[in-house]
$ cat upload25.csv   # CSV, C-alpha atoms and all ligand atoms
chain,number,residue,atom,x,y,z
A,1,MET,CA,-52.8,-5.3,-50.2
A,2,LYS,CA,-52.9,-8.8,-48.6
A,3,LYS,CA,-49.1,-8.8,-48.3
A,4,SER,CA,-48.9,-5.5,-46.6
A,5,LEU,CA,-51.7,-6.5,-44.2
A,6,THR,CA,-49.7,-9.7,-43.2
A,7,GLY,CA,-46.7,-7.5,-42.7
A,8,PHE,CA,-48.7,-5.2,-40.5
A,9,VAL,CA,-50.0,-8.1,-38.3
A,10,CYS,CA,-46.5,-9.5,-37.9
A,11,LEU,CA,-45.3,-6.1,-36.8
A,12,GLY,CA,-48.1,-6.1,-34.3
A,13,VAL,CA,-47.2,-9.5,-33.0
A,14,ALA,CA,-43.5,-8.5,-32.8
A,15,ALA,CA,-44.5,-5.5,-30.8
A,16,VAL,CA,-46.5,-7.6,-28.4
A,17,LEU,CA,-43.6,-10.0,-28.0
A,18,THR,CA,-41.1,-7.2,-27.5
A,19,MET,CA,-43.3,-5.6,-25.0
A,20,SER,CA,-43.7,-8.8,-23.0
A,21,GLY,CA,-39.9,-9.0,-23.1
A,22,CYS,CA,-39.8,-5.5,-21.6
A,23,GLY,CA,-41.0,-6.6,-18.2
A,24,LYS,CA,-38.6,-7.3,-15.4
A,25,SER,CA,-36.0,-9.9,-16.3
A,26,ASP,CA,-34.6,-12.4,-13.8
A,27,ASP,CA,-31.1,-11.3,-14.7
A,28,VAL,CA,-31.7,-7.7,-13.7
A,29,LEU,CA,-31.9,-6.3,-10.2
A,30,VAL,CA,-34.1,-3.2,-10.4
A,31,VAL,CA,-33.3,-0.8,-7.5
A,32,GLY,CA,-35.4,2.2,-6.7
A,33,THR,CA,-33.9,5.3,-5.2
A,34,ASN,CA,-34.5,9.0,-4.9
A,35,ALA,CA,-31.3,10.5,-6.1
A,36,ALA,CA,-31.4,13.8,-4.2
A,37,PHE,CA,-29.8,12.6,-1.0
A,38,PRO,CA,-26.0,13.0,-1.2
A,39,PRO,CA,-23.7,11.2,-0.4
A,40,PHE,CA,-26.1,8.2,-0.5
A,41,GLU,CA,-27.5,8.9,-3.9
A,42,TYR,CA,-27.3,11.9,-6.2
A,43,VAL,CA,-27.2,12.8,-9.9
A,44,GLY,CA,-23.6,13.6,-10.9
A,45,GLY,CA,-20.6,12.1,-12.7
A,46,VAL,CA,-18.6,13.4,-15.6
A,47,ASN,CA,-21.7,14.3,-17.7
A,48,GLY,CA,-23.8,15.2,-14.8
A,49,ASP,CA,-26.5,12.6,-15.6
A,50,GLU,CA,-25.2,9.5,-13.7
A,51,ILE,CA,-26.8,8.3,-10.5
A,52,LYS,CA,-24.0,7.8,-8.0
A,53,GLY,CA,-23.4,7.4,-4.2
A,54,PHE,CA,-22.9,5.1,-1.3
A,55,ASP,CA,-26.2,3.3,-1.7
A,56,ILE,CA,-25.5,2.8,-5.5
A,57,ASP,CA,-22.1,1.2,-4.7
A,58,LEU,CA,-23.8,-1.1,-2.2
A,59,ALA,CA,-26.5,-2.0,-4.7
A,60,GLU,CA,-23.8,-2.7,-7.3
A,61,GLN,CA,-22.2,-5.3,-5.1
A,62,ILE,CA,-25.5,-6.8,-4.1
A,63,ALA,CA,-26.5,-7.2,-7.7
A,64,LYS,CA,-23.1,-8.7,-8.5
A,65,ASP,CA,-23.3,-11.2,-5.7
A,66,ALA,CA,-26.8,-12.2,-6.8
A,67,GLY,CA,-25.5,-12.7,-10.4
A,68,LYS,CA,-27.6,-9.9,-11.8
A,69,THR,CA,-27.1,-6.6,-13.6
A,70,LEU,CA,-28.1,-3.5,-11.7
A,71,LYS,CA,-30.7,-1.1,-13.0
A,72,ILE,CA,-31.5,2.1,-11.1
A,73,GLU,CA,-34.9,3.8,-11.1
A,74,ASN,CA,-34.9,7.3,-9.8
A,75,ILE,CA,-38.3,8.0,-8.3
A,76,LYS,CA,-40.0,10.2,-5.7
A,77,PHE,CA,-39.1,9.2,-2.2
A,78,ASP,CA,-42.7,8.8,-1.1
A,79,SER,CA,-43.4,6.6,-4.1
A,80,LEU,CA,-40.7,4.0,-3.4
A,81,ILE,CA,-42.7,1.7,-1.2
A,82,VAL,CA,-45.6,1.7,-3.7
A,83,ALA,CA,-43.2,0.9,-6.5
A,84,LEU,CA,-41.7,-2.0,-4.5
A,85,ASN,CA,-45.1,-3.4,-3.7
A,86,SER,CA,-46.4,-3.1,-7.2
A,87,GLY,CA,-43.3,-5.0,-8.5
A,88,LYS,CA,-41.9,-2.1,-10.5
A,89,ILE,CA,-38.6,-2.4,-8.5
A,90,ASP,CA,-37.0,-5.2,-6.6
A,91,MET,CA,-35.2,-3.3,-3.9
A,92,ILE,CA,-35.1,0.1,-2.3
A,93,ALA,CA,-31.7,1.7,-1.7
A,94,SER,CA,-32.5,5.2,-0.6
A,95,GLY,CA,-31.1,6.0,2.8
A,96,MET,CA,-34.4,4.7,4.1
A,97,THR,CA,-34.8,4.6,7.9
A,98,ILE,CA,-36.1,1.4,9.3
A,99,THR,CA,-39.4,2.3,11.1
A,100,PRO,CA,-42.1,0.1,12.5
A,101,GLU,CA,-44.7,1.7,10.1
A,102,ARG,CA,-42.6,0.9,7.1
A,103,GLN,CA,-41.9,-2.6,8.5
A,104,ALA,CA,-45.6,-3.3,8.2
A,105,ASN,CA,-45.3,-2.9,4.4
A,106,VAL,CA,-41.8,-4.0,3.4
A,107,ASP,CA,-39.0,-6.3,4.7
A,108,PHE,CA,-35.7,-4.5,5.7
A,109,SER,CA,-32.2,-5.8,5.6
A,110,THR,CA,-29.9,-5.5,8.6
A,111,ALA,CA,-29.1,-1.9,9.3
A,112,TYR,CA,-26.2,-0.5,7.2
A,113,TYR,CA,-25.9,3.0,8.5
A,114,GLU,CA,-26.6,5.0,11.6
A,115,ALA,CA,-27.9,8.6,11.2
A,116,THR,CA,-29.9,11.2,13.0
A,117,GLN,CA,-32.0,14.3,12.2
A,118,VAL,CA,-30.2,17.6,12.3
A,119,VAL,CA,-31.4,21.2,11.9
A,120,LEU,CA,-30.2,23.6,9.2
A,121,VAL,CA,-30.7,27.3,9.6
A,122,ASN,CA,-29.3,30.5,8.1
A,123,GLN,CA,-26.1,31.6,9.8
A,124,ASP,CA,-27.7,34.6,11.5
A,125,ASN,CA,-30.3,32.5,13.3
A,126,ASP,CA,-29.4,32.0,17.0
A,127,SER,CA,-32.9,31.1,18.2
A,128,ILE,CA,-32.5,27.3,18.3
A,129,THR,CA,-30.6,25.5,21.0
A,130,SER,CA,-33.0,22.6,22.0
A,131,VAL,CA,-35.7,20.5,20.5
A,132,ASP,CA,-38.2,22.6,22.4
A,133,ASP,CA,-37.2,25.7,20.4
A,134,LEU,CA,-38.6,24.0,17.2
A,135,LYS,CA,-42.2,24.3,18.6
A,136,ASP,CA,-43.6,27.3,16.8
A,137,LYS,CA,-41.1,27.3,13.9
A,138,HIS,CA,-41.8,27.0,10.2
A,139,ILE,CA,-40.0,23.7,9.2
A,140,ALA,CA,-39.2,22.5,5.7
A,141,VAL,CA,-38.7,18.8,5.2
A,142,GLN,CA,-38.7,16.1,2.5
A,143,LEU,CA,-42.1,14.7,1.8
A,144,GLY,CA,-42.7,11.3,3.5
A,145,SER,CA,-39.3,11.3,5.3
A,146,THR,CA,-38.8,10.6,9.0
A,147,GLY,CA,-37.9,14.3,9.3
A,148,ASP,CA,-41.4,15.1,7.9
A,149,LEU,CA,-43.1,12.9,10.5
A,150,MET,CA,-41.0,14.3,13.3
A,151,ALA,CA,-41.5,17.9,12.3
A,152,LYS,CA,-45.3,17.4,12.3
A,153,LYS,CA,-45.1,16.3,15.9
A,154,LEU,CA,-43.1,19.4,16.8
A,155,SER,CA,-44.8,22.2,14.9
A,156,ASN,CA,-48.0,22.9,13.0
A,157,LYS,CA,-46.1,24.9,10.4
A,158,VAL,CA,-44.5,22.3,8.3
A,159,THR,CA,-43.9,22.5,4.5
A,160,ALA,CA,-42.9,19.3,2.7
A,161,PHE,CA,-41.0,19.2,-0.6
A,162,ASN,CA,-40.2,16.4,-2.9
A,163,THR,CA,-36.5,16.7,-2.3
A,164,GLY,CA,-34.2,18.0,0.4
A,165,PHE,CA,-32.7,20.4,-2.2
A,166,GLU,CA,-36.0,22.2,-2.5
A,167,ALA,CA,-36.3,22.4,1.3
A,168,VAL,CA,-32.8,24.0,1.5
A,169,MET,CA,-33.7,26.4,-1.3
A,170,GLU,CA,-36.7,27.6,0.7
A,171,LEU,CA,-34.5,28.1,3.7
A,172,LYS,CA,-32.0,30.1,1.7
A,173,ASN,CA,-34.8,32.3,0.5
A,174,SER,CA,-35.9,32.8,4.2
A,175,LYS,CA,-39.3,31.3,3.5
A,176,VAL,CA,-38.9,28.9,6.4
A,177,ASP,CA,-37.0,29.0,9.7
A,178,LEU,CA,-35.2,25.7,9.3
A,179,VAL,CA,-34.8,22.4,7.5
A,180,LEU,CA,-35.0,19.1,9.4
A,181,PHE,CA,-33.0,16.6,7.5
A,182,ASP,CA,-30.7,13.5,7.9
A,183,SER,CA,-27.2,14.3,9.1
A,184,GLU,CA,-25.0,13.2,6.2
A,185,PRO,CA,-27.1,14.9,3.4
A,186,ALA,CA,-27.4,18.0,5.6
A,187,ALA,CA,-23.6,18.1,6.0
A,188,SER,CA,-23.3,17.7,2.2
A,189,PHE,CA,-25.8,20.6,1.6
A,190,LEU,CA,-23.9,22.7,4.1
A,191,LYS,CA,-20.6,22.3,2.2
A,192,LYS,CA,-22.2,23.9,-0.9
A,193,ASN,CA,-24.1,26.6,1.1
A,194,PRO,CA,-21.8,28.4,3.5
A,195,GLN,CA,-24.6,30.9,4.4
A,196,LEU,CA,-26.2,28.0,6.4
A,197,LYS,CA,-25.2,26.3,9.6
A,198,MET,CA,-26.0,23.0,11.2
A,199,ILE,CA,-27.4,22.5,14.7
A,200,GLU,CA,-27.2,19.1,16.3
A,201,LEU,CA,-30.0,18.5,18.8
A,202,ASP,CA,-31.0,15.6,21.0
A,203,PHE,CA,-32.7,13.4,18.4
A,204,THR,CA,-32.8,9.6,18.6
A,205,PRO,CA,-30.6,7.7,16.2
A,206,GLU,CA,-32.1,6.2,13.0
A,207,PHE,CA,-30.8,3.2,11.1
A,208,TYR,CA,-30.9,2.9,7.3
A,209,GLY,CA,-31.9,-0.4,5.7
A,210,LEU,CA,-32.4,-1.7,2.2
A,211,ALA,CA,-36.0,-2.9,1.6
A,212,VAL,CA,-37.5,-5.7,-0.4
A,213,ALA,CA,-41.1,-6.7,-0.9
A,214,LYS,CA,-42.6,-8.6,2.1
A,215,GLY,CA,-41.7,-12.3,1.8
A,216,ASN,CA,-38.9,-11.9,-0.7
A,217,THR,CA,-36.6,-13.9,1.5
A,218,GLU,CA,-34.3,-15.1,-1.3
A,219,LEU,CA,-33.3,-11.5,-2.2
A,220,LEU,CA,-33.2,-10.4,1.5
A,221,ASN,CA,-30.9,-13.2,2.5
A,222,SER,CA,-28.6,-12.4,-0.4
A,223,ILE,CA,-28.6,-8.7,0.5
A,224,ASN,CA,-27.8,-9.5,4.2
A,225,GLN,CA,-25.0,-11.9,3.1
A,226,THR,CA,-23.4,-9.2,0.9
A,227,LEU,CA,-23.6,-6.6,3.7
A,228,GLN,CA,-22.0,-9.0,6.2
A,229,THR,CA,-19.2,-9.9,3.8
A,230,MET,CA,-18.6,-6.2,2.9
A,231,LYS,CA,-18.4,-5.3,6.6
A,232,GLN,CA,-15.9,-8.2,7.2
A,233,ASN,CA,-13.6,-7.7,4.2
A,234,GLY,CA,-13.2,-3.9,4.6
A,235,GLN,CA,-15.2,-3.0,1.5
A,236,TYR,CA,-17.9,-1.3,3.7
A,237,ASP,CA,-15.3,0.9,5.4
A,238,ALA,CA,-13.8,1.7,2.1
A,239,LEU,CA,-17.2,2.9,0.9
A,240,VAL,CA,-17.6,5.1,4.0
A,241,ALA,CA,-14.2,6.6,3.4
A,242,LYS,CA,-15.0,7.2,-0.3
A,243,HIS,CA,-18.3,8.9,0.2
A,244,MET,CA,-18.4,10.4,3.7
A,245,LYS,CA,-15.7,13.0,3.9
B,1,LIG,N1,-33.8,8.6,6.3
B,1,LIG,C1,-35.0,9.4,5.9
B,1,LIG,C2,-36.2,8.5,5.8
B,1,LIG,O1,-36.1,7.3,5.7
B,1,LIG,C3,-34.8,10.2,4.6
B,1,LIG,C4,-34.4,9.4,3.4
B,1,LIG,C5,-34.5,10.2,2.2
B,1,LIG,N2,-33.8,9.5,1.1
B,1,LIG,C6,-33.7,9.9,-0.2
B,1,LIG,N3,-33.0,9.2,-1.0
B,1,LIG,N4,-34.2,11.0,-0.5
B,1,LIG,O2,-37.3,9.0,5.8

$ encode --input "upload25.csv" --output "structure tokens" --more "lines below"
Ligand code: ARG
Amino acid sequence: MKKSLTGFVCLGVAAVLTMSGCGKSDDVLVVGTNAAFPPFEYVGGVNGDEIKGFDIDLAEQIAKDAGKTLKIENIKFDSLIVALNSGKIDMIASGMTITPERQANVDFSTAYYEATQVVLVNQDNDSITSVDDLKDKHIAVQLGSTGDLMAKKLSNKVTAFNTGFEAVMELKNSKVDLVLFDSEPAASFLKKNPQLKMIELDFTPEFYGLAVAKGNTELLNSINQTLQTMKQNGQYDALVAKHMK
């Protein structure tokens, strides 16, 4: 009886030790993303369960230069900043647009990609030629995205989904008039959905940045250094060629 009790206590101690070892290690760079945003991040690969994309390749190089192993956490887009600020992740790589509102909560790297919002509609929809035409339309967006914020300023019929995929599905089922989404992922969705078309309107450019917790200058400097080197040595252009076709 005594013996088994001791064994039990040891097991408990071992469990506590292991658990404390489960926290974030200094050797690992934990990167948060929302992998429903091709070609920046998506679930794919040979077995269909890998997280891949432009941002993932960037993160891979950033981790390597910082002497760390990369770990990717796939989370809801509108939970990324909370995850960063609670210490669950070290960096956000998720096609995240640098905005003043977000800058109040996180520190962004130098911009690494220029994008813009575009409109996706069903092929037979010829009712949109200007931003003004979006006014009374039912718009589908990704929750918490810049498209979401913009749509709410343009129309009072906005439905937000956790992913762009779901927004596109809603459009294909003619439940909404249009999807407002970032240009590259929209082009990627279009390739798989020939019944849709893309309309480019006069929207202001947006710039994607990688984000770290406020004050994490060590990581931020390392990220910016990697970005600069990749832009200088051709690695950045090679990534664009690989992912944006
Ligand atoms: N650029 C937009 C934003 O910052 C959308 C980004 C969505 N990214 C994603 N991985 N789902 O709001």

$ atom_distance --input "upload25.csv" --atom1 "CA of Phe165 (chain A)" --atom2 "CA of Val119 (chain A)"
14.2 Å

$ atom_distance --input "upload25.csv" --atom1 "CA of Asp124 (chain A)" --atom2 "CA of Phe161 (chain A)"
23.7 Å

$ residues_near_ligand --input "upload25.csv" --ligand "ligand LIG 1 (chain B)" --cutoff "8 Å" --atoms "only C-alpha atoms and all ligand atoms" --output "PyMOL selection string"
chain A and resi 33-38+40-41+76-77+93-98+115+142+144-148+163-164+181-182+206-208

$ write_last_selection --input "upload25.csv" --atoms "C-alpha atoms" --output "PDB file, keeping the file's coordinate frame"
ATOM      1  CA  THR A  33     -33.900   5.300  -5.200  1.00  0.00           C
ATOM      2  CA  ASN A  34     -34.500   9.000  -4.900  1.00  0.00           C
ATOM      3  CA  ALA A  35     -31.300  10.500  -6.100  1.00  0.00           C
ATOM      4  CA  ALA A  36     -31.400  13.800  -4.200  1.00  0.00           C
ATOM      5  CA  PHE A  37     -29.800  12.600  -1.000  1.00  0.00           C
ATOM      6  CA  PRO A  38     -26.000  13.000  -1.200  1.00  0.00           C
ATOM      7  CA  PHE A  40     -26.100   8.200  -0.500  1.00  0.00           C
ATOM      8  CA  GLU A  41     -27.500   8.900  -3.900  1.00  0.00           C
ATOM      9  CA  LYS A  76     -40.000  10.200  -5.700  1.00  0.00           C
ATOM     10  CA  PHE A  77     -39.100   9.200  -2.200  1.00  0.00           C
ATOM     11  CA  ALA A  93     -31.700   1.700  -1.700  1.00  0.00           C
ATOM     12  CA  SER A  94     -32.500   5.200  -0.600  1.00  0.00           C
ATOM     13  CA  GLY A  95     -31.100   6.000   2.800  1.00  0.00           C
ATOM     14  CA  MET A  96     -34.400   4.700   4.100  1.00  0.00           C
ATOM     15  CA  THR A  97     -34.800   4.600   7.900  1.00  0.00           C
ATOM     16  CA  ILE A  98     -36.100   1.400   9.300  1.00  0.00           C
ATOM     17  CA  ALA A 115     -27.900   8.600  11.200  1.00  0.00           C
ATOM     18  CA  GLN A 142     -38.700  16.100   2.500  1.00  0.00           C
ATOM     19  CA  GLY A 144     -42.700  11.300   3.500  1.00  0.00           C
ATOM     20  CA  SER A 145     -39.300  11.300   5.300  1.00  0.00           C
ATOM     21  CA  THR A 146     -38.800  10.600   9.000  1.00  0.00           C
ATOM     22  CA  GLY A 147     -37.900  14.300   9.300  1.00  0.00           C
ATOM     23  CA  ASP A 148     -41.400  15.100   7.900  1.00  0.00           C
ATOM     24  CA  THR A 163     -36.500  16.700  -2.300  1.00  0.00           C
ATOM     25  CA  GLY A 164     -34.200  18.000   0.400  1.00  0.00           C
ATOM     26  CA  PHE A 181     -33.000  16.600   7.500  1.00  0.00           C
ATOM     27  CA  ASP A 182     -30.700  13.500   7.900  1.00  0.00           C
ATOM     28  CA  GLU A 206     -32.100   6.200  13.000  1.00  0.00           C
ATOM     29  CA  PHE A 207     -30.800   3.200  11.100  1.00  0.00           C
ATOM     30  CA  TYR A 208     -30.900   2.900   7.300  1.00  0.00           C
TER      31      TYR A 208
END

$ residues_around --input "upload25.csv" --residues "Pro39 (chain A)" --least-positions-apart "2" --cutoff "9 Å" --atoms "all atoms listed in the file" --output "NGL selection string"
:A and (36-37 or 41-42 or 52-55 or 184-185 or 188 or 243-244)

$ atom_distance --input "upload25.csv" --atom1 "CA of Gln61 (chain A)" --atom2 "CA of Leu143 (chain A)"
29.0 Å

$ closest_residue --input "upload25.csv" --among "A:Val28, A:Val46, A:Ile81, A:Ile62" --to "Thr226 (chain A)" --atoms "all atoms listed in the file"
A:Ile62

$ closest_residue --input "upload25.csv" --among "A:Gly209, A:Ala140, A:Lys153, A:Gln123" --to "Asn193 (chain A)" --atoms "all atoms listed in the file"
A:Gln123

$ residues_around --input "upload25.csv" --residues "Tyr236 (chain A)" --least-positions-apart "5" --cutoff "9 Å" --atoms "all atoms listed in the file" --output "PyMOL selection string"
chain A and resi 58+227+229-231+241

$ residues_around --input "upload25.csv" --residues "Ser222 (chain A)" --least-positions-apart "6" --cutoff "10 Å" --atoms "all atoms listed in the file" --output "number ranges by chain"
A: 62-63, 65-66, 109, 228

$ write_last_selection --input "upload25.csv" --atoms "C-alpha atoms" --output "mmCIF file, keeping the file's coordinate frame"
data_model
loop_
_atom_site.group_PDB
_atom_site.id
_atom_site.type_symbol
_atom_site.label_atom_id
_atom_site.label_comp_id
_atom_site.auth_asym_id
_atom_site.auth_seq_id
_atom_site.Cartn_x
_atom_site.Cartn_y
_atom_site.Cartn_z
ATOM 1 C CA ILE A 62 -25.500 -6.800 -4.100
ATOM 2 C CA ALA A 63 -26.500 -7.200 -7.700
ATOM 3 C CA ASP A 65 -23.300 -11.200 -5.700
ATOM 4 C CA ALA A 66 -26.800 -12.200 -6.800
ATOM 5 C CA SER A 109 -32.200 -5.800 5.600
ATOM 6 C CA GLN A 228 -22.000 -9.000 6.200
#

$ closest_residue --input "upload25.csv" --among "A:Tyr113, A:Gln225, A:Thr217, A:Asp126" --to "Pro205 (chain A)" --atoms "only C-alpha atoms"
A:Tyr113

$ closest_residue --input "upload25.csv" --among "A:Leu29, A:Ile199, A:Val179, A:Ala186" --to "Gly67 (chain A)" --atoms "only C-alpha atoms"
A:Leu29

$ residues_around --input "upload25.csv" --residues "Val131 (chain A)" --least-positions-apart "2" --cutoff "9 Å" --atoms "all atoms listed in the file" --output "list in words"
Ile128, Thr129, Asp133, Leu134, Lys135, Leu154, Leu201, Asp202 and Phe203 of chain A

$ closest_residue --input "upload25.csv" --among "A:Ile72, A:Val82, A:Leu180, A:Met91" --to "Asn216 (chain A)" --atoms "all atoms listed in the file"
A:Met91

$ axis_aligned_box --input "upload25.csv" --around "region 179-187 of chain A" --padding-each-side "8 Å" --output "AutoDock Vina command-line options"
--center_x -29.3 --center_y 17.8 --center_z 6.4 --size_x 27.4 --size_y 25.2 --size_z 22.0

$ closest_residue --input "upload25.csv" --among "A:Leu239, A:Leu220, A:Ser183, A:Lys214" --to "Met198 (chain A)" --atoms "only C-alpha atoms"
A:Ser183

$ residues_near_point --input "upload25.csv" --point "(-41.7, -9.4, 0.1)" --cutoff "9 Å" --atoms "all atoms listed in the file" --output "NGL selection string"
:A and (84-85 or 105-107 or 211-217 or 219-220)

$ residues_around --input "upload25.csv" --residues "Ile139 (chain A)" --least-positions-apart "3" --cutoff "9 Å" --atoms "only C-alpha atoms" --output "ChimeraX atom specification"
/A:134,148,151-152,155-160,167,171,176-180

$ decode --input "upload25.csv" --residues "region 110-136 of chain A" --atoms "N, CA and C atoms" --output "mmCIF file, in the first residue's frame"
data_model
loop_
_atom_site.group_PDB
_atom_site.id
_atom_site.type_symbol
_atom_site.label_atom_id
_atom_site.label_comp_id
_atom_site.auth_asym_id
_atom_site.auth_seq_id
_atom_site.Cartn_x
_atom_site.Cartn_y
_atom_site.Cartn_z
ATOM 1 N N THR A 110 8.280 45.886 -40.384
ATOM 2 C CA THR A 110 8.174 46.683 -41.596
ATOM 3 C C THR A 110 7.198 45.945 -42.524
ATOM 4 N N ALA A 111 6.528 46.694 -43.404
ATOM 5 C CA ALA A 111 5.531 46.077 -44.279
ATOM 6 C C ALA A 111 6.200 45.059 -45.195
ATOM 7 N N TYR A 112 5.548 43.903 -45.411
ATOM 8 C CA TYR A 112 6.153 42.901 -46.294
ATOM 9 C C TYR A 112 5.307 42.599 -47.513
ATOM 10 N N TYR A 113 4.093 43.178 -47.591
ATOM 11 C CA TYR A 113 3.286 42.938 -48.794
ATOM 12 C C TYR A 113 2.228 44.016 -48.946
ATOM 13 N N GLU A 114 2.036 44.461 -50.189
ATOM 14 C CA GLU A 114 0.978 45.453 -50.445
ATOM 15 C C GLU A 114 -0.227 44.753 -51.055
ATOM 16 N N ALA A 115 -1.395 45.040 -50.499
ATOM 17 C CA ALA A 115 -2.628 44.406 -50.991
ATOM 18 C C ALA A 115 -3.723 45.459 -51.077
ATOM 19 N N THR A 116 -4.889 45.018 -51.475
ATOM 20 C CA THR A 116 -6.045 45.916 -51.462
ATOM 21 C C THR A 116 -7.299 45.050 -51.328
ATOM 22 N N GLN A 117 -8.409 45.667 -50.976
ATOM 23 C CA GLN A 117 -9.662 44.912 -50.942
ATOM 24 C C GLN A 117 -10.191 44.805 -52.365
ATOM 25 N N VAL A 118 -10.839 43.695 -52.674
ATOM 26 C CA VAL A 118 -11.523 43.554 -53.959
ATOM 27 C C VAL A 118 -12.897 42.957 -53.704
ATOM 28 N N VAL A 119 -13.730 43.017 -54.729
ATOM 29 C CA VAL A 119 -15.091 42.503 -54.621
ATOM 30 C C VAL A 119 -15.193 41.205 -55.420
ATOM 31 N N LEU A 120 -15.825 40.203 -54.834
ATOM 32 C CA LEU A 120 -16.152 38.982 -55.576
ATOM 33 C C LEU A 120 -17.671 38.911 -55.695
ATOM 34 N N VAL A 121 -18.147 38.654 -56.911
ATOM 35 C CA VAL A 121 -19.590 38.490 -57.135
ATOM 36 C C VAL A 121 -19.805 37.269 -58.028
ATOM 37 N N ASN A 122 -21.060 36.849 -58.151
ATOM 38 C CA ASN A 122 -21.380 35.799 -59.110
ATOM 39 C C ASN A 122 -21.287 36.391 -60.515
ATOM 40 N N GLN A 123 -20.865 35.579 -61.476
ATOM 41 C CA GLN A 123 -20.635 36.017 -62.866
ATOM 42 C C GLN A 123 -21.744 36.896 -63.441
ATOM 43 N N ASP A 124 -23.001 36.565 -63.116
ATOM 44 C CA ASP A 124 -24.130 37.278 -63.745
ATOM 45 C C ASP A 124 -24.453 38.615 -63.072
ATOM 46 N N ASN A 125 -23.689 39.015 -62.087
ATOM 47 C CA ASN A 125 -23.974 40.265 -61.373
ATOM 48 C C ASN A 125 -23.224 41.440 -62.007
ATOM 49 N N ASP A 126 -23.989 42.325 -62.661
ATOM 50 C CA ASP A 126 -23.350 43.473 -63.318
ATOM 51 C C ASP A 126 -23.693 44.790 -62.626
ATOM 52 N N SER A 127 -24.106 44.695 -61.366
ATOM 53 C CA SER A 127 -24.620 45.895 -60.691
ATOM 54 C C SER A 127 -23.548 46.707 -59.954
ATOM 55 N N ILE A 128 -22.285 46.249 -59.996
ATOM 56 C CA ILE A 128 -21.262 46.964 -59.220
ATOM 57 C C ILE A 128 -20.131 47.477 -60.110
ATOM 58 N N THR A 129 -20.014 48.801 -60.188
ATOM 59 C CA THR A 129 -18.908 49.380 -60.955
ATOM 60 C C THR A 129 -18.130 50.410 -60.142
ATOM 61 N N SER A 130 -18.691 50.800 -58.970
ATOM 62 C CA SER A 130 -17.969 51.766 -58.141
ATOM 63 C C SER A 130 -18.216 51.463 -56.672
ATOM 64 N N VAL A 131 -17.419 52.043 -55.792
ATOM 65 C CA VAL A 131 -17.565 51.828 -54.351
ATOM 66 C C VAL A 131 -18.977 52.233 -53.902
ATOM 67 N N ASP A 132 -19.505 53.268 -54.522
ATOM 68 C CA ASP A 132 -20.860 53.749 -54.221
ATOM 69 C C ASP A 132 -21.924 52.666 -54.388
ATOM 70 N N ASP A 133 -21.695 51.784 -55.368
ATOM 71 C CA ASP A 133 -22.674 50.724 -55.651
ATOM 72 C C ASP A 133 -22.761 49.693 -54.526
ATOM 73 N N LEU A 134 -21.838 49.743 -53.578
ATOM 74 C CA LEU A 134 -21.844 48.745 -52.502
ATOM 75 C C LEU A 134 -22.829 49.125 -51.396
ATOM 76 N N LYS A 135 -23.316 50.356 -51.468
ATOM 77 C CA LYS A 135 -24.103 50.937 -50.382
ATOM 78 C C LYS A 135 -25.210 50.069 -49.793
ATOM 79 N N ASP A 136 -26.149 49.643 -50.599
ATOM 80 C CA ASP A 136 -27.269 48.887 -50.017
ATOM 81 C C ASP A 136 -27.119 47.374 -50.225
#
